[in-house]
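Quick look at my_file_9.txt (compact mmCIF, N, CA and C atoms):
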# COMPACT_ATOMS: atom_id res chain seq x y z
N MET A 1 -159.53 56.14 38.97
CA MET A 1 -158.18 56.55 39.28
C MET A 1 -157.42 55.36 39.87
N SER A 2 -156.28 55.06 39.34
CA SER A 2 -155.47 53.97 39.89
C SER A 2 -154.48 54.53 40.90
N VAL A 3 -154.10 53.67 41.81
CA VAL A 3 -153.14 54.02 42.85
C VAL A 3 -152.02 53.00 42.79
N THR A 4 -150.79 53.45 42.82
CA THR A 4 -149.63 52.57 42.82
C THR A 4 -148.96 52.66 44.18
N SER A 5 -148.72 51.51 44.78
CA SER A 5 -148.03 51.46 46.07
C SER A 5 -146.66 50.85 45.84
N GLU A 6 -145.69 51.28 46.62
CA GLU A 6 -144.33 50.81 46.44
C GLU A 6 -143.71 50.34 47.74
N ALA A 7 -142.86 49.36 47.61
CA ALA A 7 -141.98 48.90 48.68
C ALA A 7 -140.63 48.63 48.03
N THR A 8 -139.58 48.86 48.78
CA THR A 8 -138.22 48.67 48.27
C THR A 8 -137.46 47.75 49.21
N THR A 9 -136.73 46.80 48.62
CA THR A 9 -135.85 45.94 49.40
C THR A 9 -134.42 46.19 48.97
N VAL A 10 -133.56 46.36 49.94
CA VAL A 10 -132.12 46.45 49.70
C VAL A 10 -131.52 45.19 50.32
N TRP A 11 -130.86 44.38 49.50
CA TRP A 11 -130.31 43.09 49.92
C TRP A 11 -128.80 43.10 49.74
N SER A 12 -128.08 42.52 50.69
CA SER A 12 -126.63 42.38 50.59
C SER A 12 -126.25 40.94 50.87
N GLY A 13 -125.40 40.38 50.04
CA GLY A 13 -124.89 39.04 50.28
C GLY A 13 -125.68 37.95 49.57
N SER A 14 -125.26 36.71 49.83
CA SER A 14 -125.89 35.56 49.20
C SER A 14 -127.27 35.30 49.80
N LEU A 15 -128.00 34.38 49.20
CA LEU A 15 -129.34 34.05 49.71
C LEU A 15 -129.28 33.56 51.15
N THR A 16 -128.43 32.59 51.42
CA THR A 16 -128.45 31.95 52.74
C THR A 16 -127.71 32.72 53.82
N GLU A 17 -126.74 33.55 53.43
CA GLU A 17 -125.99 34.28 54.44
C GLU A 17 -126.22 35.78 54.40
N GLY A 18 -126.92 36.26 53.40
CA GLY A 18 -127.19 37.67 53.27
C GLY A 18 -128.41 38.09 54.07
N ALA A 19 -128.73 39.38 53.95
CA ALA A 19 -129.89 39.93 54.64
C ALA A 19 -130.31 41.20 53.92
N GLY A 20 -131.50 41.64 54.24
CA GLY A 20 -131.99 42.85 53.61
C GLY A 20 -132.96 43.59 54.52
N THR A 21 -133.39 44.74 54.02
CA THR A 21 -134.42 45.52 54.69
C THR A 21 -135.47 45.91 53.66
N VAL A 22 -136.71 45.89 54.11
CA VAL A 22 -137.84 46.31 53.28
C VAL A 22 -138.37 47.61 53.84
N THR A 23 -138.55 48.59 52.98
CA THR A 23 -139.17 49.85 53.39
C THR A 23 -140.37 50.11 52.49
N PHE A 24 -141.33 50.85 53.02
CA PHE A 24 -142.56 51.15 52.30
C PHE A 24 -142.60 52.61 51.93
N ASP A 25 -143.30 52.92 50.83
CA ASP A 25 -143.38 54.32 50.43
C ASP A 25 -144.15 55.16 51.44
N SER A 26 -144.97 54.52 52.25
CA SER A 26 -145.62 55.22 53.36
C SER A 26 -144.65 55.14 54.53
N SER A 27 -143.67 56.01 54.55
CA SER A 27 -142.51 55.91 55.44
C SER A 27 -142.86 55.83 56.92
N ARG A 28 -144.08 56.14 57.31
CA ARG A 28 -144.44 56.05 58.72
C ARG A 28 -144.37 54.61 59.22
N ILE A 29 -144.43 53.65 58.33
CA ILE A 29 -144.38 52.25 58.73
C ILE A 29 -142.97 51.86 59.17
N GLY A 30 -141.96 52.48 58.60
CA GLY A 30 -140.59 52.14 58.94
C GLY A 30 -140.04 51.05 58.05
N SER A 31 -139.05 50.33 58.52
CA SER A 31 -138.44 49.27 57.72
C SER A 31 -138.47 47.96 58.50
N PHE A 32 -138.35 46.87 57.74
CA PHE A 32 -138.39 45.53 58.30
C PHE A 32 -137.19 44.75 57.80
N ASP A 33 -136.54 44.02 58.70
CA ASP A 33 -135.44 43.15 58.31
C ASP A 33 -136.01 41.88 57.68
N VAL A 34 -135.32 41.38 56.66
CA VAL A 34 -135.67 40.11 56.02
C VAL A 34 -134.40 39.29 55.82
N ASN A 35 -134.54 37.95 55.91
CA ASN A 35 -133.42 37.07 55.59
C ASN A 35 -133.95 35.68 55.30
N TRP A 36 -133.09 34.85 54.72
CA TRP A 36 -133.50 33.50 54.33
C TRP A 36 -133.80 32.62 55.54
N LYS A 37 -133.01 32.75 56.60
CA LYS A 37 -133.22 31.89 57.77
C LYS A 37 -134.63 32.09 58.31
N ALA A 38 -135.07 33.33 58.45
CA ALA A 38 -136.42 33.59 58.94
C ALA A 38 -137.46 33.02 57.99
N ARG A 39 -137.20 33.14 56.70
CA ARG A 39 -138.16 32.65 55.71
C ARG A 39 -138.25 31.13 55.71
N SER A 40 -137.14 30.46 55.84
CA SER A 40 -137.15 29.00 55.72
C SER A 40 -137.33 28.28 57.05
N GLU A 41 -137.04 28.96 58.17
CA GLU A 41 -137.14 28.30 59.48
C GLU A 41 -138.14 28.96 60.41
N GLY A 42 -138.57 30.18 60.08
CA GLY A 42 -139.47 30.92 60.96
C GLY A 42 -138.71 31.82 61.91
N SER A 43 -139.36 32.89 62.36
CA SER A 43 -138.74 33.83 63.27
C SER A 43 -139.82 34.70 63.89
N SER A 44 -139.61 35.08 65.14
CA SER A 44 -140.54 36.01 65.78
C SER A 44 -140.02 37.44 65.76
N SER A 45 -138.85 37.64 65.15
CA SER A 45 -138.27 38.99 65.15
C SER A 45 -137.89 39.51 63.77
N THR A 46 -138.00 38.69 62.75
CA THR A 46 -137.64 39.09 61.39
C THR A 46 -138.80 38.74 60.47
N THR A 47 -139.18 39.68 59.62
CA THR A 47 -140.33 39.42 58.75
C THR A 47 -139.92 38.58 57.54
N THR A 48 -140.92 38.16 56.79
CA THR A 48 -140.71 37.37 55.58
C THR A 48 -141.63 37.90 54.49
N PRO A 49 -141.33 37.59 53.23
CA PRO A 49 -142.26 37.98 52.18
C PRO A 49 -143.67 37.41 52.43
N GLU A 50 -143.74 36.23 53.01
CA GLU A 50 -145.05 35.62 53.26
C GLU A 50 -145.82 36.37 54.34
N GLU A 51 -145.12 36.89 55.33
CA GLU A 51 -145.80 37.69 56.35
C GLU A 51 -146.35 38.97 55.74
N LEU A 52 -145.61 39.56 54.82
CA LEU A 52 -146.09 40.76 54.14
C LEU A 52 -147.30 40.45 53.27
N ILE A 53 -147.28 39.29 52.60
CA ILE A 53 -148.44 38.87 51.81
C ILE A 53 -149.62 38.61 52.73
N ALA A 54 -149.38 38.00 53.88
CA ALA A 54 -150.46 37.74 54.83
C ALA A 54 -151.10 39.04 55.29
N ALA A 55 -150.29 40.06 55.55
CA ALA A 55 -150.84 41.36 55.95
C ALA A 55 -151.72 41.93 54.85
N ALA A 56 -151.25 41.83 53.61
CA ALA A 56 -152.04 42.33 52.48
C ALA A 56 -153.34 41.55 52.33
N HIS A 57 -153.26 40.23 52.47
CA HIS A 57 -154.45 39.40 52.29
C HIS A 57 -155.48 39.65 53.39
N ALA A 58 -155.04 39.70 54.64
CA ALA A 58 -155.96 39.94 55.75
C ALA A 58 -156.65 41.29 55.63
N SER A 59 -155.91 42.32 55.31
CA SER A 59 -156.51 43.65 55.22
C SER A 59 -157.42 43.78 54.01
N CYS A 60 -157.05 43.21 52.88
CA CYS A 60 -157.88 43.26 51.69
C CYS A 60 -159.20 42.52 51.91
N PHE A 61 -159.12 41.32 52.49
CA PHE A 61 -160.32 40.54 52.76
C PHE A 61 -161.24 41.28 53.72
N ALA A 62 -160.68 41.88 54.77
CA ALA A 62 -161.49 42.63 55.74
C ALA A 62 -162.21 43.78 55.05
N MET A 63 -161.53 44.48 54.16
CA MET A 63 -162.16 45.58 53.43
C MET A 63 -163.27 45.07 52.51
N ALA A 64 -163.00 43.99 51.79
CA ALA A 64 -164.00 43.44 50.87
C ALA A 64 -165.23 42.96 51.63
N LEU A 65 -165.03 42.30 52.76
CA LEU A 65 -166.16 41.80 53.53
C LEU A 65 -166.93 42.96 54.18
N SER A 66 -166.23 43.95 54.69
CA SER A 66 -166.89 45.11 55.27
C SER A 66 -167.79 45.78 54.23
N HIS A 67 -167.29 45.90 53.03
CA HIS A 67 -168.07 46.51 51.94
C HIS A 67 -169.31 45.66 51.62
N ALA A 68 -169.13 44.35 51.54
CA ALA A 68 -170.25 43.46 51.23
C ALA A 68 -171.29 43.48 52.35
N LEU A 69 -170.85 43.48 53.58
CA LEU A 69 -171.78 43.51 54.71
C LEU A 69 -172.55 44.83 54.75
N SER A 70 -171.87 45.92 54.50
CA SER A 70 -172.55 47.22 54.47
C SER A 70 -173.56 47.28 53.34
N GLY A 71 -173.20 46.75 52.17
CA GLY A 71 -174.13 46.69 51.04
C GLY A 71 -175.33 45.82 51.33
N ASN A 72 -175.18 44.87 52.23
CA ASN A 72 -176.26 43.98 52.64
C ASN A 72 -177.17 44.64 53.69
N GLY A 73 -176.77 45.83 54.17
CA GLY A 73 -177.53 46.51 55.21
C GLY A 73 -177.17 46.05 56.61
N THR A 74 -176.07 45.31 56.74
CA THR A 74 -175.62 44.80 58.03
C THR A 74 -174.14 45.11 58.23
N PRO A 75 -173.80 46.39 58.40
CA PRO A 75 -172.38 46.72 58.56
C PRO A 75 -171.80 46.04 59.81
N PRO A 76 -170.53 45.63 59.74
CA PRO A 76 -169.93 44.93 60.88
C PRO A 76 -169.60 45.87 62.02
N GLU A 77 -169.73 45.36 63.24
CA GLU A 77 -169.19 46.07 64.40
C GLU A 77 -167.68 45.88 64.43
N LYS A 78 -167.25 44.62 64.12
CA LYS A 78 -165.82 44.32 64.17
C LYS A 78 -165.53 43.08 63.33
N LEU A 79 -164.45 43.15 62.58
CA LEU A 79 -163.93 42.00 61.83
C LEU A 79 -162.49 41.79 62.30
N ASN A 80 -162.20 40.60 62.78
CA ASN A 80 -160.85 40.26 63.20
C ASN A 80 -160.36 39.17 62.24
N VAL A 81 -159.42 39.53 61.37
CA VAL A 81 -158.97 38.62 60.31
C VAL A 81 -157.48 38.35 60.47
N THR A 82 -157.13 37.07 60.47
CA THR A 82 -155.73 36.65 60.42
C THR A 82 -155.53 35.84 59.15
N ALA A 83 -154.52 36.18 58.39
CA ALA A 83 -154.15 35.38 57.22
C ALA A 83 -152.85 34.66 57.56
N SER A 84 -152.83 33.37 57.30
CA SER A 84 -151.63 32.55 57.53
C SER A 84 -151.15 32.04 56.18
N VAL A 85 -150.02 32.56 55.73
CA VAL A 85 -149.47 32.19 54.42
C VAL A 85 -148.34 31.19 54.63
N THR A 86 -148.44 30.06 53.94
CA THR A 86 -147.48 28.97 54.10
C THR A 86 -146.44 28.99 52.98
N PHE A 87 -145.17 28.86 53.37
CA PHE A 87 -144.04 28.79 52.44
C PHE A 87 -143.31 27.47 52.65
N GLN A 88 -143.08 26.76 51.58
CA GLN A 88 -142.32 25.51 51.62
C GLN A 88 -141.04 25.71 50.82
N PRO A 89 -139.86 25.73 51.48
CA PRO A 89 -138.61 25.90 50.74
C PRO A 89 -138.51 24.85 49.63
N GLY A 90 -138.11 25.29 48.46
CA GLY A 90 -138.00 24.40 47.31
C GLY A 90 -139.28 24.30 46.51
N THR A 91 -140.40 24.68 47.10
CA THR A 91 -141.69 24.63 46.41
C THR A 91 -142.23 26.04 46.21
N GLY A 92 -142.25 26.83 47.28
CA GLY A 92 -142.77 28.19 47.21
C GLY A 92 -143.95 28.38 48.14
N ILE A 93 -144.74 29.38 47.84
CA ILE A 93 -145.93 29.68 48.64
C ILE A 93 -147.00 28.68 48.24
N THR A 94 -147.53 27.98 49.24
CA THR A 94 -148.47 26.90 48.95
C THR A 94 -149.90 27.20 49.35
N GLY A 95 -150.14 28.20 50.19
CA GLY A 95 -151.51 28.48 50.58
C GLY A 95 -151.64 29.68 51.48
N SER A 96 -152.88 30.15 51.59
CA SER A 96 -153.22 31.21 52.52
C SER A 96 -154.53 30.83 53.20
N HIS A 97 -154.51 30.82 54.52
CA HIS A 97 -155.71 30.49 55.29
C HIS A 97 -156.20 31.75 55.99
N LEU A 98 -157.44 32.13 55.71
CA LEU A 98 -158.06 33.28 56.35
C LEU A 98 -158.88 32.79 57.53
N ASN A 99 -158.61 33.35 58.70
CA ASN A 99 -159.37 33.02 59.90
C ASN A 99 -160.09 34.29 60.33
N LEU A 100 -161.42 34.24 60.32
CA LEU A 100 -162.25 35.41 60.58
C LEU A 100 -163.13 35.19 61.81
N ASN A 101 -163.10 36.15 62.70
CA ASN A 101 -164.06 36.23 63.81
C ASN A 101 -164.76 37.57 63.64
N ALA A 102 -166.10 37.53 63.55
CA ALA A 102 -166.84 38.73 63.21
C ALA A 102 -167.99 38.98 64.18
N SER A 103 -168.25 40.25 64.39
CA SER A 103 -169.43 40.69 65.12
C SER A 103 -170.26 41.50 64.14
N VAL A 104 -171.40 40.93 63.75
CA VAL A 104 -172.27 41.56 62.76
C VAL A 104 -173.72 41.42 63.23
N PRO A 105 -174.25 42.44 63.90
CA PRO A 105 -175.62 42.34 64.39
C PRO A 105 -176.63 42.20 63.25
N GLY A 106 -177.64 41.37 63.49
CA GLY A 106 -178.75 41.24 62.56
C GLY A 106 -178.48 40.39 61.34
N LEU A 107 -177.39 39.63 61.32
CA LEU A 107 -177.04 38.83 60.15
C LEU A 107 -177.17 37.34 60.48
N SER A 108 -177.83 36.60 59.60
CA SER A 108 -177.96 35.15 59.80
C SER A 108 -176.63 34.46 59.52
N GLU A 109 -176.45 33.29 60.08
CA GLU A 109 -175.24 32.50 59.85
C GLU A 109 -175.08 32.17 58.37
N ALA A 110 -176.16 31.81 57.70
CA ALA A 110 -176.10 31.45 56.28
C ALA A 110 -175.67 32.64 55.43
N ASP A 111 -176.24 33.82 55.69
CA ASP A 111 -175.84 35.01 54.93
C ASP A 111 -174.40 35.40 55.24
N PHE A 112 -174.00 35.25 56.49
CA PHE A 112 -172.62 35.54 56.88
C PHE A 112 -171.64 34.67 56.11
N GLN A 113 -171.88 33.37 56.08
CA GLN A 113 -170.99 32.45 55.39
C GLN A 113 -170.95 32.75 53.89
N ARG A 114 -172.10 33.06 53.30
CA ARG A 114 -172.17 33.37 51.87
C ARG A 114 -171.38 34.64 51.56
N LEU A 115 -171.60 35.69 52.33
CA LEU A 115 -170.90 36.95 52.08
C LEU A 115 -169.40 36.83 52.33
N ALA A 116 -169.01 36.05 53.35
CA ALA A 116 -167.58 35.84 53.62
C ALA A 116 -166.93 35.09 52.46
N ALA A 117 -167.59 34.07 51.93
CA ALA A 117 -167.05 33.30 50.80
C ALA A 117 -166.94 34.18 49.55
N GLU A 118 -167.94 35.01 49.33
CA GLU A 118 -167.90 35.92 48.17
C GLU A 118 -166.78 36.94 48.32
N ALA A 119 -166.58 37.46 49.53
CA ALA A 119 -165.50 38.43 49.76
C ALA A 119 -164.14 37.77 49.58
N LYS A 120 -164.02 36.52 50.02
CA LYS A 120 -162.76 35.79 49.83
C LYS A 120 -162.44 35.66 48.35
N ALA A 121 -163.43 35.29 47.56
CA ALA A 121 -163.22 35.12 46.12
C ALA A 121 -163.01 36.44 45.39
N GLY A 122 -163.67 37.51 45.86
CA GLY A 122 -163.62 38.78 45.15
C GLY A 122 -162.53 39.73 45.59
N CYS A 123 -161.93 39.48 46.72
CA CYS A 123 -160.86 40.35 47.22
C CYS A 123 -159.72 40.38 46.18
N PRO A 124 -159.24 41.57 45.80
CA PRO A 124 -158.18 41.65 44.80
C PRO A 124 -156.90 40.88 45.17
N VAL A 125 -156.57 40.79 46.45
CA VAL A 125 -155.38 40.03 46.82
C VAL A 125 -155.65 38.54 46.64
N SER A 126 -156.85 38.07 46.98
CA SER A 126 -157.20 36.66 46.72
C SER A 126 -157.07 36.37 45.23
N GLN A 127 -157.54 37.29 44.41
CA GLN A 127 -157.45 37.08 42.96
C GLN A 127 -156.00 37.04 42.50
N ALA A 128 -155.16 37.88 43.10
CA ALA A 128 -153.73 37.87 42.75
C ALA A 128 -153.06 36.57 43.20
N LEU A 129 -153.60 35.95 44.25
CA LEU A 129 -153.04 34.71 44.78
C LEU A 129 -153.76 33.48 44.24
N SER A 130 -154.42 33.61 43.12
CA SER A 130 -155.26 32.52 42.59
C SER A 130 -154.49 31.24 42.28
N GLY A 131 -153.19 31.29 42.23
CA GLY A 131 -152.39 30.10 41.96
C GLY A 131 -152.14 29.23 43.17
N ILE A 132 -152.63 29.65 44.34
CA ILE A 132 -152.45 28.86 45.56
C ILE A 132 -153.81 28.54 46.17
N ASP A 133 -153.81 27.60 47.09
CA ASP A 133 -155.04 27.23 47.81
C ASP A 133 -155.35 28.29 48.85
N ILE A 134 -156.57 28.85 48.80
CA ILE A 134 -157.01 29.85 49.77
C ILE A 134 -158.20 29.25 50.51
N THR A 135 -158.07 29.16 51.83
CA THR A 135 -159.13 28.61 52.65
C THR A 135 -159.65 29.67 53.60
N LEU A 136 -160.87 29.44 54.10
CA LEU A 136 -161.52 30.40 54.99
C LEU A 136 -162.20 29.67 56.13
N GLU A 137 -161.95 30.14 57.33
CA GLU A 137 -162.64 29.69 58.53
C GLU A 137 -163.32 30.92 59.11
N ALA A 138 -164.65 30.99 59.03
CA ALA A 138 -165.39 32.18 59.42
C ALA A 138 -166.33 31.89 60.58
N THR A 139 -166.18 32.68 61.67
CA THR A 139 -166.99 32.52 62.86
C THR A 139 -167.74 33.81 63.14
N LEU A 140 -169.05 33.69 63.26
CA LEU A 140 -169.90 34.83 63.58
C LEU A 140 -170.20 34.78 65.06
N GLY A 141 -169.81 35.86 65.78
CA GLY A 141 -170.01 35.85 67.21
C GLY A 141 -170.97 36.90 67.68
Could you render the structure as structure tokens?
Amino acid sequence: MSVTSEATTVWSGSLTEGAGTVTFDSSRIGSFDVNWKARSEGSSSTTTPEELIAAAHASCFAMALSHALSGNGTPPEKLNVTASVTFQPGTGITGSHLNLNASVPGLSEADFQRLAAEAKAGCPVSQALSGIDITLEATLG
């Protein structure tokens, strides 16, 4: 069974002076403001397409790794994943860096690194982002 997820953006005005809002079909999330200034200069109060991609990448990777660890007989106690997606105006999205801190009892460092690398490669969002550099920093604690 396939599942389709939706988000809608309503934009008004030009690229540099306009603004928009993004809403998700799961309306409990609410809406997020977006604009070019936040995208090209950064902002702590306005989201960007890259921040939304980072959320998708971090959550997808966490799910893929949790599944792999459970299949290995070593389910995680906790996975803390941050994805940092880089945007260069005039070039586009240039990379995504996954930073993982994990608590996985009974797992060797070598197996942890192998399973994390496999989850990074196999995560559907990683596969969708195959045109950019995806890096992983994985720490087992």
Legend entry - Close residues, stretch 15-19 of chain A itself excluded, 6.5 Å, only N, CA and C atoms, min 4 positions apart in chain, as a list in words: Val10, Trp11, Val34, Asn35, Trp36 and Lys37 of chain A
Quick one: which stretch 19-73 of chain A residues come within 8 Å of stretch 125-138 of chain A, and what is the nearest atom pair for each with the distance in Å to one decimal, counting all atoms listed in the file, rows ordered by chain and ascending number, as a Markdown table?
| residue | atom | partner | partner_atom | distance |
| --- | --- | --- | --- | --- |
| A:Ala56 | C | A:Val125 | CA | 6.1 |
| A:His57 | CA | A:Val125 | CA | 5.6 |
| A:Ala58 | N | A:Val125 | CA | 7.8 |
| A:Cys60 | CA | A:Val125 | N | 5.9 |
| A:Phe61 | N | A:Val125 | N | 6.6 |
Please, could you write that set of residues out with N, CA and C atoms as a PDB file, in the coordinates of the input?
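Contents of selection33.pdb, as written:
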ATOM      1  N   ALA A  56    -151.250  41.830  53.610  1.00  0.00           N
ATOM      2  CA  ALA A  56    -152.040  42.330  52.480  1.00  0.00           C
ATOM      3  C   ALA A  56    -153.340  41.550  52.330  1.00  0.00           C
ATOM      4  N   HIS A  57    -153.260  40.230  52.470  1.00  0.00           N
ATOM      5  CA  HIS A  57    -154.450  39.400  52.290  1.00  0.00           C
ATOM      6  C   HIS A  57    -155.480  39.650  53.390  1.00  0.00           C
ATOM      7  N   ALA A  58    -155.040  39.700  54.640  1.00  0.00           N
ATOM      8  CA  ALA A  58    -155.960  39.940  55.750  1.00  0.00           C
ATOM      9  C   ALA A  58    -156.650  41.290  55.630  1.00  0.00           C
ATOM     10  N   CYS A  60    -157.050  43.210  52.880  1.00  0.00           N
ATOM     11  CA  CYS A  60    -157.880  43.260  51.690  1.00  0.00           C
ATOM     12  C   CYS A  60    -159.200  42.520  51.910  1.00  0.00           C
ATOM     13  N   PHE A  61    -159.120  41.320  52.490  1.00  0.00           N
ATOM     14  CA  PHE A  61    -160.320  40.540  52.760  1.00  0.00           C
ATOM     15  C   PHE A  61    -161.240  41.280  53.720  1.00  0.00           C
TER      16      PHE A  61
END
Inset, instruction - Provide the atom CA of A:Thr8 to atom CA of A:Ala119 distance in Å, to one decimal place. - result: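 Atom CA of A:Ala119 lies at a distance of 29.2 Å from atom CA of A:Thr8.
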List the spatial neighbours of A:Thr82 as a PDB file with N, CA and C atoms, keeping the file's coordinate frame - criterion: any atom at most 6.5 Å away, all atoms listed in the file, same-chain residues fewer than 3 positions off excluded.
ATOM      1  N   ALA A  58    -155.040  39.700  54.640  1.00  0.00           N
ATOM      2  CA  ALA A  58    -155.960  39.940  55.750  1.00  0.00           C
ATOM      3  C   ALA A  58    -156.650  41.290  55.630  1.00  0.00           C
ATOM      4  N   HIS A  97    -154.510  30.820  54.520  1.00  0.00           N
ATOM      5  CA  HIS A  97    -155.710  30.490  55.290  1.00  0.00           C
ATOM      6  C   HIS A  97    -156.200  31.750  55.990  1.00  0.00           C
ATOM      7  N   LEU A  98    -157.440  32.130  55.710  1.00  0.00           N
ATOM      8  CA  LEU A  98    -158.060  33.280  56.350  1.00  0.00           C
ATOM      9  C   LEU A  98    -158.880  32.790  57.530  1.00  0.00           C
ATOM     10  N   ASN A  99    -158.610  33.350  58.700  1.00  0.00           N
ATOM     11  CA  ASN A  99    -159.370  33.020  59.900  1.00  0.00           C
ATOM     12  C   ASN A  99    -160.090  34.290  60.330  1.00  0.00           C
ATOM     13  N   LEU A 100    -161.420  34.240  60.320  1.00  0.00           N
ATOM     14  CA  LEU A 100    -162.250  35.410  60.580  1.00  0.00           C
ATOM     15  C   LEU A 100    -163.130  35.190  61.810  1.00  0.00           C
ATOM     16  N   ASN A 101    -163.100  36.150  62.700  1.00  0.00           N
ATOM     17  CA  ASN A 101    -164.060  36.230  63.810  1.00  0.00           C
ATOM     18  C   ASN A 101    -164.760  37.570  63.640  1.00  0.00           C
TER      19      ASN A 101
END
For stretch 115-132 of chain A, what centre and edge lengths in Å (one decimal) does the axis-aligned box get once 6 Å is added on each side of all its listed atoms, as AutoDock Vina command-line options?
--center_x -161.9 --center_y 35.1 --center_z 47.8 --size_x 31.5 --size_y 25.1 --size_z 23.7
Legend entry - Residue nearest A:Gly30 among A:Ala7, A:Thr74, A:Ser44, A:Met1 (counting only C-alpha atoms):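 With only C-alpha atoms as the atom set, the closest residue is A:Ala7.
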Inset, instruction - Go through A:Leu52, A:Leu107, A:Leu115, A:Ala64 one by one, measure the shortest atom-to-atom distance of each to A:Val85 using only C-alpha atoms, and give the residue with the smallest value. - result: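 Looking only at the distances to A:Val85, the closest residue turns out to be A:Leu52.
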Legend entry - Nearest candidate to A:Ala116 (options A:Pro76, A:Gly95, A:Gly20, A:Gly13; using only C-alpha atoms):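 Ranked by minimum distance to A:Ala116, first place goes to A:Pro76.
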